[in-house]
Amino acid sequence: MQRDMLRYSLIILISLLFSGFASAKARLDAVYPSSWWVDMSYNNLLVIAYGENISNTSITADYPGVKINKIISTQSTSYIFIDLYISPKTPEGVMNLVFREGGKVINTFGFGLYKKNKNEGYHKGITSADVLYQIVPDRFANGNPENDNPKGYYERADRLNPSGVHGGDLQGIISHLDYIADLGVTGIELTPVFESNQFSQSYDHYAITNFYKIGERLGSMNDYMKLINECHKRDMKFIQTFVFHQAGKQNSIIADAPIENWVMPDKKKYQEEPHINVFSDPYASEADYDFNKYSWKAFDTPRLNQKDPHLKKYLIQNCLWWVETTGIDGIRIDYTSYNDKAFLHDLTTILHKEFPDLSIISDVETDYPCQVEYWVQRNDHPQKFSAYFTHSSDYPLRDRIAQAFSSYEKPTSGLLYLYDIITRDFVYNHPDNNFVFMDNNHLDRAYNVADKELSQLKMMLAYELTIKRTPEILYGTEVLQEGLEKMGPGFVRSDFPGGWQSDAVNAFTQKGLSSDQREFFDYMQKLLKWRKESVAIHSGALTHYRPSKGMYVYFRTTELKNVMVIFNNDPDEQKRVDFKKYKENLMNFKFARDIMTGNIYSDFSGIMVYPKSVMILELEKTGFE
């Protein structure tokens, strides 16, 4: 009898448990995207509703011009996909997505429908007249200490940890925009800013846990929009870095994947840097390709399967949403080659169609110009990769800049590295759209690359700012920040001095800077402000002469303006410039002005260039005012 009672009680308990599961109420936590544009040509959306047991609901939308084509079930009960069509005749307004469970309304979501921003200057795009200033927000300035440790975030701020969160934020950048503008740059580029609520190393935001949210440590959506608007008020452009090939393990699309194949299987073979050449190799084995393409970078940053049509649509819509919502001028797709080629083709083609003036930057770390161009080519051949990138990061040129002026190279041999790489510009359709840089947030700091020699660093900078390219400078270069990549990315991305109230040195006010730091800051600022007004550097043709006897000379020429750049890479000998050698570019120019000293020459025969230095001359036919 006792055994029968026990069995009966167990049956009742199990029945109650199952009835509880069957009657579990659905809950709506989020809708992605939350809004769209009625006049956007990309008008067939995949709207994703997320929340506990949301798959148990039915969804309706009664709005003129909008049609729900179908509801798509997923493997997880936490998602439901809505195939939504927005007719070009759809009026602006708010469409109510009504969620019902068992005929009862459990939630109504107001989905915004807007018109695209047609204001002049929206999405200006980058030109070779620009110079960008790259910022890692967590490491630049802490404008609001109150957001250092938001509620619900796993990792705590710790400035003593080079790989930890340090507290820099969007308000810190806003507060110092005048400093950035006065430096002479014309735009800023931020590394990723989207939520990264990971257990460790979340400061760089490369492991995104919510693609539709600004990380709370950095600030709010209002802070982000304010930063962009304040940049535009100062006639500065704004570039945002996006990461699409991976996500943080705490992202809901990873932790509770709607479809299992959205995440690549973890092969436990974590790689810091896949072999880039494999991705463009026409003879690559399937084993090599898969190993490089699908391996995770780290155990907590899974690779995303962009071949899945629903995930591809989700990521493309995310990018479109941010670009139109914010009015940014360009995007960089970091680790470009890690992305699926079909995804890159579709994303860049759609972006160009919707935003023809938007700059789309490819970033592929390679030694070869042909590899740089491979990822930006537009090719009609069905078996060849094609994308609509407008700009590329020029790693091959950066590597030669790092070698050219080194004291460990013979003077002429070093200069030949630069000469030889530029002779390969025939590979590029638009070499002036290549981004030139001495370093970036993934590489050794420029000051370290220059062996901590001011003369060498000045020559590197002068080359970057005068060659036929679009320059980019990493924050802190102007005050000789140091950092070696082999010690870890956190050392390269060190804190900008003065960005925290407790800092003894303040680069924003120049308090505590060494004489070398002040000297280089003044040099960079003067060169940048001159470049800002130099039409010959912005758009002039390039003619260069093969280096000899430790000297390298090139000209940037327009119909009315001519700039002559002279490098003397000899560490000991002052050099006299033989102007007869360059007569084809001198033509009727009779006057020269040294842009750094202001000295004006009417007799070219006496011009001398100091050892290990560069002279930049503006040439005029009738004299200077």
# chains A, B, ... in the order shown; residues from 1 in each chain; ligands from 1
>>> residues_around(residues="Asp130 of chain A", least_positions_apart="5", cutoff="12 Å", atoms="only C-alpha atoms", output="PDB file with C-alpha atoms, in the first residue's frame")
ATOM      1  CA  LYS A 124      30.398  62.034 -46.543  1.00  0.00           C
ATOM      2  CA  GLY A 125      32.939  59.304 -47.134  1.00  0.00           C
ATOM      3  CA  GLY A 184      45.087  68.673 -37.552  1.00  0.00           C
ATOM      4  CA  VAL A 185      43.347  65.383 -38.373  1.00  0.00           C
ATOM      5  CA  THR A 186      40.071  65.454 -40.282  1.00  0.00           C
ATOM      6  CA  GLY A 187      38.285  62.439 -38.814  1.00  0.00           C
ATOM      7  CA  ILE A 188      38.311  59.729 -36.183  1.00  0.00           C
ATOM      8  CA  GLU A 189      37.935  55.975 -36.395  1.00  0.00           C
ATOM      9  CA  ASP A 235      33.738  69.132 -40.011  1.00  0.00           C
ATOM     10  CA  MET A 236      35.366  65.887 -38.888  1.00  0.00           C
ATOM     11  CA  LYS A 237      34.377  62.543 -40.359  1.00  0.00           C
ATOM     12  CA  PHE A 238      33.479  59.468 -38.351  1.00  0.00           C
ATOM     13  CA  ILE A 239      34.469  55.882 -39.135  1.00  0.00           C
ATOM     14  CA  ASP A 432      45.336  56.942 -53.168  1.00  0.00           C
ATOM     15  CA  ASN A 433      42.390  55.120 -51.523  1.00  0.00           C
ATOM     16  CA  ASN A 434      44.806  52.844 -49.673  1.00  0.00           C
ATOM     17  CA  PHE A 435      45.204  53.684 -45.997  1.00  0.00           C
ATOM     18  CA  VAL A 436      48.838  54.316 -45.081  1.00  0.00           C
ATOM     19  CA  LEU A 465      51.582  62.330 -44.834  1.00  0.00           C
ATOM     20  CA  THR A 466      53.007  63.157 -48.290  1.00  0.00           C
ATOM     21  CA  LYS A 468      49.912  59.147 -52.593  1.00  0.00           C
ATOM     22  CA  ARG A 469      47.715  57.522 -49.959  1.00  0.00           C
ATOM     23  CA  THR A 470      45.105  58.272 -47.239  1.00  0.00           C
ATOM     24  CA  PRO A 471      46.865  58.498 -43.845  1.00  0.00           C
ATOM     25  CA  GLU A 472      45.740  57.122 -40.490  1.00  0.00           C
ATOM     26  CA  ILE A 473      47.417  57.752 -37.128  1.00  0.00           C
ATOM     27  CA  LEU A 528      49.126  67.898 -40.284  1.00  0.00           C
ATOM     28  CA  LYS A 529      47.843  71.462 -40.436  1.00  0.00           C
ATOM     29  CA  ARG A 531      48.674  68.928 -45.188  1.00  0.00           C
ATOM     30  CA  LYS A 532      45.090  69.923 -44.473  1.00  0.00           C
ATOM     31  CA  GLU A 533      45.460  72.845 -46.884  1.00  0.00           C
ATOM     32  CA  SER A 534      47.775  71.286 -49.476  1.00  0.00           C
ATOM     33  CA  VAL A 535      45.850  70.514 -52.680  1.00  0.00           C
ATOM     34  CA  ILE A 537      49.183  66.399 -51.466  1.00  0.00           C
ATOM     35  CA  HIS A 538      45.438  65.708 -51.572  1.00  0.00           C
ATOM     36  CA  SER A 539      45.210  65.045 -55.288  1.00  0.00           C
TER      37      SER A 539
END
>>> select_by_dssp(residues="segment 360-579 of chain A", states="strand (DSSP E)", output="ChimeraX atom specification")
/A:360-362,391-393,434-436,470-474,541-548,551-557,562-568,575-576
>>> atom_distance(atom1="atom CA of Lys410 of chain A", atom2="atom CA of Tyr368 of chain A")
23.2 Å
>>> closest_residue(among="A:Thr57, A:Ser34, A:Asn261, A:Gln250", to="Leu311 of chain A", atoms="only C-alpha atoms")
A:Asn261
>>> residues_around(residues="Ser35 of chain A", least_positions_apart="5", cutoff="7 Å", atoms="only C-alpha atoms", output="number ranges by chain")
A: 111-113
>>> write_last_selection(atoms="C-alpha atoms", output="mmCIF file, in the first residue's frame")
data_model
loop_
_atom_site.group_PDB
_atom_site.id
_atom_site.type_symbol
_atom_site.label_atom_id
_atom_site.label_comp_id
_atom_site.auth_asym_id
_atom_site.auth_seq_id
_atom_site.Cartn_x
_atom_site.Cartn_y
_atom_site.Cartn_z
ATOM 1 C CA PHE A 111 8.284 48.847 -34.735
ATOM 2 C CA GLY A 112 9.415 52.237 -36.084
ATOM 3 C CA LEU A 113 9.073 52.996 -39.810
#
>>> closest_residue(among="A:Thr191, A:Thr509, A:Gln456, A:Ser605", to="Ala402 of chain A", atoms="only C-alpha atoms")
A:Gln456
>>> closest_residue(among="A:Asp495, A:Glu101, A:Asp83, A:Asp169", to="Lys25 of chain A", atoms="only C-alpha atoms")
A:Glu101
>>> atom_distance(atom1="atom CA of Asp148 of chain A", atom2="atom CA of Gly219 of chain A")
9.4 Å
>>> closest_residue(among="A:Ala141, A:Val38, A:Val505, A:Val553", to="Tyr475 of chain A", atoms="only C-alpha atoms")
A:Ala141
>>> residues_around(residues="segment 442-451 of chain A", least_positions_apart="2", cutoff="9 Å", atoms="only C-alpha atoms", output="PyMOL selection string")
chain A and resi 402-403+405-407+438-440+453-457+460+474+477+480-486+489+492-493
>>> write_last_selection(atoms="N, CA and C atoms", output="mmCIF file, in the first residue's frame")
data_model
loop_
_atom_site.group_PDB
_atom_site.id
_atom_site.type_symbol
_atom_site.label_atom_id
_atom_site.label_comp_id
_atom_site.auth_asym_id
_atom_site.auth_seq_id
_atom_site.Cartn_x
_atom_site.Cartn_y
_atom_site.Cartn_z
ATOM 1 N N ALA A 402 58.376 50.735 -41.955
ATOM 2 C CA ALA A 402 59.017 50.291 -40.721
ATOM 3 C C ALA A 402 60.492 49.969 -40.927
ATOM 4 N N GLN A 403 60.878 49.624 -42.150
ATOM 5 C CA GLN A 403 62.266 49.256 -42.434
ATOM 6 C C GLN A 403 63.090 50.410 -42.999
ATOM 7 N N PHE A 405 63.844 53.625 -42.777
ATOM 8 C CA PHE A 405 64.690 54.635 -42.130
ATOM 9 C C PHE A 405 65.458 54.076 -40.932
ATOM 10 N N SER A 406 65.417 52.779 -40.767
ATOM 11 C CA SER A 406 66.064 52.149 -39.624
ATOM 12 C C SER A 406 67.579 52.313 -39.688
ATOM 13 N N SER A 407 68.176 52.524 -38.532
ATOM 14 C CA SER A 407 69.632 52.650 -38.456
ATOM 15 C C SER A 407 70.315 51.309 -38.719
ATOM 16 N N MET A 438 51.742 54.062 -39.872
ATOM 17 C CA MET A 438 52.975 53.572 -39.263
ATOM 18 C C MET A 438 52.685 52.445 -38.282
ATOM 19 N N ASP A 439 51.482 52.456 -37.726
ATOM 20 C CA ASP A 439 51.044 51.427 -36.801
ATOM 21 C C ASP A 439 49.522 51.479 -36.736
ATOM 22 N N ASN A 440 48.926 50.547 -36.014
ATOM 23 C CA ASN A 440 47.516 50.604 -35.680
ATOM 24 C C ASN A 440 47.313 49.817 -34.394
ATOM 25 N N GLU A 453 63.857 56.662 -31.944
ATOM 26 C CA GLU A 453 64.671 57.756 -32.489
ATOM 27 C C GLU A 453 63.752 58.784 -33.134
ATOM 28 N N LEU A 454 63.802 60.022 -32.655
ATOM 29 C CA LEU A 454 62.920 61.072 -33.180
ATOM 30 C C LEU A 454 63.156 61.323 -34.664
ATOM 31 N N SER A 455 64.398 61.321 -35.087
ATOM 32 C CA SER A 455 64.688 61.614 -36.486
ATOM 33 C C SER A 455 64.042 60.569 -37.398
ATOM 34 N N GLN A 456 64.155 59.320 -36.978
ATOM 35 C CA GLN A 456 63.564 58.237 -37.770
ATOM 36 C C GLN A 456 62.042 58.352 -37.789
ATOM 37 N N LEU A 457 61.443 58.627 -36.635
ATOM 38 C CA LEU A 457 59.992 58.729 -36.556
ATOM 39 C C LEU A 457 59.471 59.907 -37.376
ATOM 40 N N MET A 460 59.401 58.849 -40.975
ATOM 41 C CA MET A 460 58.284 57.942 -41.207
ATOM 42 C C MET A 460 56.975 58.720 -41.338
ATOM 43 N N LEU A 474 47.463 56.353 -35.148
ATOM 44 C CA LEU A 474 46.943 55.770 -33.915
ATOM 45 C C LEU A 474 47.061 56.775 -32.778
ATOM 46 N N THR A 477 50.288 58.525 -30.769
ATOM 47 C CA THR A 477 51.535 58.590 -31.543
ATOM 48 C C THR A 477 52.175 59.957 -31.384
ATOM 49 N N LEU A 480 54.470 60.028 -28.447
ATOM 50 C CA LEU A 480 55.443 58.935 -28.366
ATOM 51 C C LEU A 480 55.009 57.788 -27.451
ATOM 52 N N GLN A 481 53.715 57.416 -27.523
ATOM 53 C CA GLN A 481 53.289 56.252 -26.747
ATOM 54 C C GLN A 481 53.998 55.005 -27.235
ATOM 55 N N GLU A 482 54.281 54.104 -26.280
ATOM 56 C CA GLU A 482 55.028 52.892 -26.583
ATOM 57 C C GLU A 482 54.141 51.657 -26.438
ATOM 58 N N GLY A 483 54.574 50.550 -27.033
ATOM 59 C CA GLY A 483 53.866 49.282 -26.899
ATOM 60 C C GLY A 483 54.302 48.288 -27.947
ATOM 61 N N LEU A 484 54.578 47.063 -27.507
ATOM 62 C CA LEU A 484 54.994 45.993 -28.409
ATOM 63 C C LEU A 484 53.924 44.913 -28.454
ATOM 64 N N GLU A 485 53.548 44.514 -29.662
ATOM 65 C CA GLU A 485 52.476 43.537 -29.868
ATOM 66 C C GLU A 485 52.815 42.191 -29.234
ATOM 67 N N LYS A 486 54.087 41.808 -29.218
ATOM 68 C CA LYS A 486 54.472 40.504 -28.671
ATOM 69 C C LYS A 486 54.180 40.398 -27.180
ATOM 70 N N PRO A 489 48.170 42.632 -26.993
ATOM 71 C CA PRO A 489 47.495 43.817 -27.550
ATOM 72 C C PRO A 489 47.258 44.911 -26.514
ATOM 73 N N VAL A 492 49.984 47.520 -26.556
ATOM 74 C CA VAL A 492 49.904 48.438 -27.697
ATOM 75 C C VAL A 492 48.808 49.465 -27.450
ATOM 76 N N ARG A 493 47.709 49.009 -26.857
ATOM 77 C CA ARG A 493 46.551 49.874 -26.595
ATOM 78 C C ARG A 493 46.634 50.462 -25.192
#
>>> residues_around(residues="Phe355 of chain A", least_positions_apart="2", cutoff="12 Å", atoms="only C-alpha atoms", output="MDAnalysis selection string")
chainID A and resid 40:42 116:118 121:125 319:321 323:324 327:331 347:353 357:360 388
>>> write_last_selection(atoms="N, CA and C atoms", output="mmCIF file, in the first residue's frame")
data_model
loop_
_atom_site.group_PDB
_atom_site.id
_atom_site.type_symbol
_atom_site.label_atom_id
_atom_site.label_comp_id
_atom_site.auth_asym_id
_atom_site.auth_seq_id
_atom_site.Cartn_x
_atom_site.Cartn_y
_atom_site.Cartn_z
ATOM 1 N N MET A 40 13.921 52.531 -48.124
ATOM 2 C CA MET A 40 15.155 51.803 -48.347
ATOM 3 C C MET A 40 14.875 50.665 -49.328
ATOM 4 N N SER A 41 15.759 50.499 -50.321
ATOM 5 C CA SER A 41 15.525 49.454 -51.326
ATOM 6 C C SER A 41 15.645 48.059 -50.724
ATOM 7 N N TYR A 42 16.416 47.931 -49.642
ATOM 8 C CA TYR A 42 16.479 46.668 -48.911
ATOM 9 C C TYR A 42 15.239 46.617 -48.016
ATOM 10 N N LYS A 116 14.484 57.694 -44.855
ATOM 11 C CA LYS A 116 15.928 57.842 -44.773
ATOM 12 C C LYS A 116 16.311 59.313 -44.664
ATOM 13 N N ASN A 117 17.414 59.567 -43.994
ATOM 14 C CA ASN A 117 17.920 60.924 -43.849
ATOM 15 C C ASN A 117 18.516 61.385 -45.172
ATOM 16 N N LYS A 118 17.963 62.439 -45.729
ATOM 17 C CA LYS A 118 18.430 62.955 -47.027
ATOM 18 C C LYS A 118 19.267 64.228 -46.879
ATOM 19 N N GLY A 121 25.500 65.928 -46.825
ATOM 20 C CA GLY A 121 26.631 65.647 -45.945
ATOM 21 C C GLY A 121 26.457 64.401 -45.107
ATOM 22 N N TYR A 122 25.280 63.770 -45.162
ATOM 23 C CA TYR A 122 25.077 62.503 -44.458
ATOM 24 C C TYR A 122 25.894 61.438 -45.180
ATOM 25 N N HIS A 123 26.772 60.740 -44.493
ATOM 26 C CA HIS A 123 27.686 59.764 -45.096
ATOM 27 C C HIS A 123 28.607 60.450 -46.120
ATOM 28 N N LYS A 124 29.514 61.288 -45.642
ATOM 29 C CA LYS A 124 30.398 62.034 -46.543
ATOM 30 C C LYS A 124 31.427 61.153 -47.233
ATOM 31 N N GLY A 125 31.898 60.148 -46.558
ATOM 32 C CA GLY A 125 32.939 59.304 -47.134
ATOM 33 C C GLY A 125 34.321 59.914 -46.971
ATOM 34 N N CYS A 319 24.270 45.945 -39.975
ATOM 35 C CA CYS A 319 25.165 46.976 -40.497
ATOM 36 C C CYS A 319 24.373 48.123 -41.126
ATOM 37 N N LEU A 320 23.365 47.792 -41.933
ATOM 38 C CA LEU A 320 22.519 48.821 -42.545
ATOM 39 C C LEU A 320 21.849 49.680 -41.479
ATOM 40 N N TRP A 321 21.377 49.037 -40.423
ATOM 41 C CA TRP A 321 20.673 49.750 -39.357
ATOM 42 C C TRP A 321 21.586 50.776 -38.689
ATOM 43 N N VAL A 323 24.383 52.139 -39.899
ATOM 44 C CA VAL A 323 24.827 53.183 -40.835
ATOM 45 C C VAL A 323 23.748 54.249 -41.015
ATOM 46 N N GLU A 324 22.495 53.819 -41.237
ATOM 47 C CA GLU A 324 21.433 54.798 -41.466
ATOM 48 C C GLU A 324 21.018 55.493 -40.176
ATOM 49 N N GLY A 327 24.346 57.931 -39.324
ATOM 50 C CA GLY A 327 24.915 58.874 -40.294
ATOM 51 C C GLY A 327 26.423 58.855 -40.353
ATOM 52 N N ILE A 328 27.050 57.743 -39.959
ATOM 53 C CA ILE A 328 28.507 57.657 -40.002
ATOM 54 C C ILE A 328 28.998 57.748 -41.449
ATOM 55 N N ASP A 329 30.265 58.103 -41.613
ATOM 56 C CA ASP A 329 30.824 58.385 -42.936
ATOM 57 C C ASP A 329 31.527 57.188 -43.559
ATOM 58 N N GLY A 330 31.811 56.181 -42.750
ATOM 59 C CA GLY A 330 32.480 55.009 -43.297
ATOM 60 C C GLY A 330 32.507 53.892 -42.286
ATOM 61 N N ILE A 331 32.750 52.677 -42.777
ATOM 62 C CA ILE A 331 32.899 51.529 -41.888
ATOM 63 C C ILE A 331 34.164 50.774 -42.276
ATOM 64 N N LEU A 347 27.108 42.043 -48.603
ATOM 65 C CA LEU A 347 27.102 43.182 -47.683
ATOM 66 C C LEU A 347 27.583 44.455 -48.360
ATOM 67 N N THR A 348 28.751 44.399 -49.007
ATOM 68 C CA THR A 348 29.318 45.613 -49.598
ATOM 69 C C THR A 348 28.499 46.105 -50.788
ATOM 70 N N THR A 349 27.937 45.190 -51.556
ATOM 71 C CA THR A 349 27.104 45.584 -52.698
ATOM 72 C C THR A 349 25.841 46.298 -52.221
ATOM 73 N N ILE A 350 25.207 45.749 -51.193
ATOM 74 C CA ILE A 350 23.988 46.368 -50.655
ATOM 75 C C ILE A 350 24.306 47.711 -50.013
ATOM 76 N N LEU A 351 25.407 47.786 -49.270
ATOM 77 C CA LEU A 351 25.801 49.059 -48.658
ATOM 78 C C LEU A 351 26.025 50.134 -49.712
ATOM 79 N N HIS A 352 26.719 49.770 -50.787
ATOM 80 C CA HIS A 352 26.989 50.756 -51.828
ATOM 81 C C HIS A 352 25.697 51.211 -52.508
ATOM 82 N N LYS A 353 24.783 50.293 -52.698
ATOM 83 C CA LYS A 353 23.509 50.651 -53.332
ATOM 84 C C LYS A 353 22.708 51.607 -52.456
ATOM 85 N N ASP A 357 27.826 57.143 -51.060
ATOM 86 C CA ASP A 357 28.959 57.966 -50.615
ATOM 87 C C ASP A 357 29.680 57.377 -49.400
ATOM 88 N N LEU A 358 29.175 56.295 -48.865
ATOM 89 C CA LEU A 358 29.782 55.673 -47.687
ATOM 90 C C LEU A 358 31.124 55.023 -48.056
ATOM 91 N N SER A 359 32.134 55.241 -47.224
ATOM 92 C CA SER A 359 33.413 54.544 -47.412
ATOM 93 C C SER A 359 33.343 53.179 -46.737
ATOM 94 N N ILE A 360 33.831 52.144 -47.440
ATOM 95 C CA ILE A 360 33.819 50.774 -46.930
ATOM 96 C C ILE A 360 35.252 50.265 -47.009
ATOM 97 N N TYR A 388 32.530 45.306 -53.000
ATOM 98 C CA TYR A 388 32.470 46.735 -53.290
ATOM 99 C C TYR A 388 33.121 47.529 -52.161
#
>>> residues_around(residues="Cys370 of chain A", least_positions_apart="4", cutoff="10 Å", atoms="only C-alpha atoms", output="PDB file with N, CA and C atoms, in the first residue's frame")
ATOM      1  N   THR A 366      48.573  41.618 -44.808  1.00  0.00           N
ATOM      2  CA  THR A 366      49.318  40.832 -45.783  1.00  0.00           C
ATOM      3  C   THR A 366      50.567  41.586 -46.206  1.00  0.00           C
ATOM      4  N   TYR A 374      43.138  42.035 -54.006  1.00  0.00           N
ATOM      5  CA  TYR A 374      42.240  40.889 -54.181  1.00  0.00           C
ATOM      6  C   TYR A 374      40.920  41.103 -53.468  1.00  0.00           C
ATOM      7  N   TRP A 375      40.996  41.669 -52.259  1.00  0.00           N
ATOM      8  CA  TRP A 375      39.797  41.772 -51.429  1.00  0.00           C
ATOM      9  C   TRP A 375      38.927  42.973 -51.776  1.00  0.00           C
ATOM     10  N   PRO A 396      51.398  46.170 -46.857  1.00  0.00           N
ATOM     11  CA  PRO A 396      52.715  46.050 -47.519  1.00  0.00           C
ATOM     12  C   PRO A 396      53.529  47.336 -47.429  1.00  0.00           C
ATOM     13  N   ARG A 424      54.959  49.153 -57.495  1.00  0.00           N
ATOM     14  CA  ARG A 424      53.922  48.130 -57.712  1.00  0.00           C
ATOM     15  C   ARG A 424      52.506  48.691 -57.602  1.00  0.00           C
ATOM     16  N   ASP A 425      52.383  49.989 -57.606  1.00  0.00           N
ATOM     17  CA  ASP A 425      51.047  50.592 -57.523  1.00  0.00           C
ATOM     18  C   ASP A 425      50.180  50.282 -58.738  1.00  0.00           C
ATOM     19  N   PHE A 426      50.778  49.750 -59.784  1.00  0.00           N
ATOM     20  CA  PHE A 426      49.976  49.357 -60.949  1.00  0.00           C
ATOM     21  C   PHE A 426      48.953  48.279 -60.589  1.00  0.00           C
ATOM     22  N   VAL A 427      49.183  47.590 -59.463  1.00  0.00           N
ATOM     23  CA  VAL A 427      48.250  46.555 -59.006  1.00  0.00           C
ATOM     24  C   VAL A 427      46.915  47.173 -58.587  1.00  0.00           C
ATOM     25  N   TYR A 428      46.959  48.405 -58.074  1.00  0.00           N
ATOM     26  CA  TYR A 428      45.773  49.031 -57.499  1.00  0.00           C
ATOM     27  C   TYR A 428      45.023  49.867 -58.520  1.00  0.00           C
TER      28      TYR A 428
END
>>> residues_around(residues="segment 196-211 of chain A", least_positions_apart="5", cutoff="7 Å", atoms="only C-alpha atoms", output="PyMOL selection string")
chain A and resi 138+153-155+163-165+243+246-248+250-251+301
>>> write_last_selection(atoms="C-alpha atoms", output="tab-separated table (two decimals), in the first residue's frame")
chain	number	residue	atom	x	y	z
A	138	ASP	CA	38.49	52.11	-23.45
A	153	TYR	CA	28.64	43.14	-16.36
A	154	TYR	CA	30.95	40.26	-15.49
A	155	GLU	CA	34.40	41.85	-15.77
A	163	SER	CA	44.29	43.20	-20.78
A	164	GLY	CA	41.60	44.53	-18.48
A	165	VAL	CA	38.93	47.20	-18.67
A	243	VAL	CA	33.36	42.76	-36.56
A	246	GLN	CA	32.85	36.16	-34.61
A	247	ALA	CA	30.89	36.96	-31.46
A	248	GLY	CA	31.33	36.68	-27.71
A	250	GLN	CA	27.79	35.36	-23.89
A	251	ASN	CA	25.91	36.65	-26.96
A	301	THR	CA	34.98	33.98	-29.31
>>> closest_residue(among="A:Lys341, A:Lys612, A:His544, A:Lys452", to="Ala404 of chain A", atoms="only C-alpha atoms")
A:Lys612
>>> closest_residue(among="A:Leu177, A:Asp522, A:Phe604, A:Met95", to="Lys583 of chain A", atoms="only C-alpha atoms")
A:Phe604
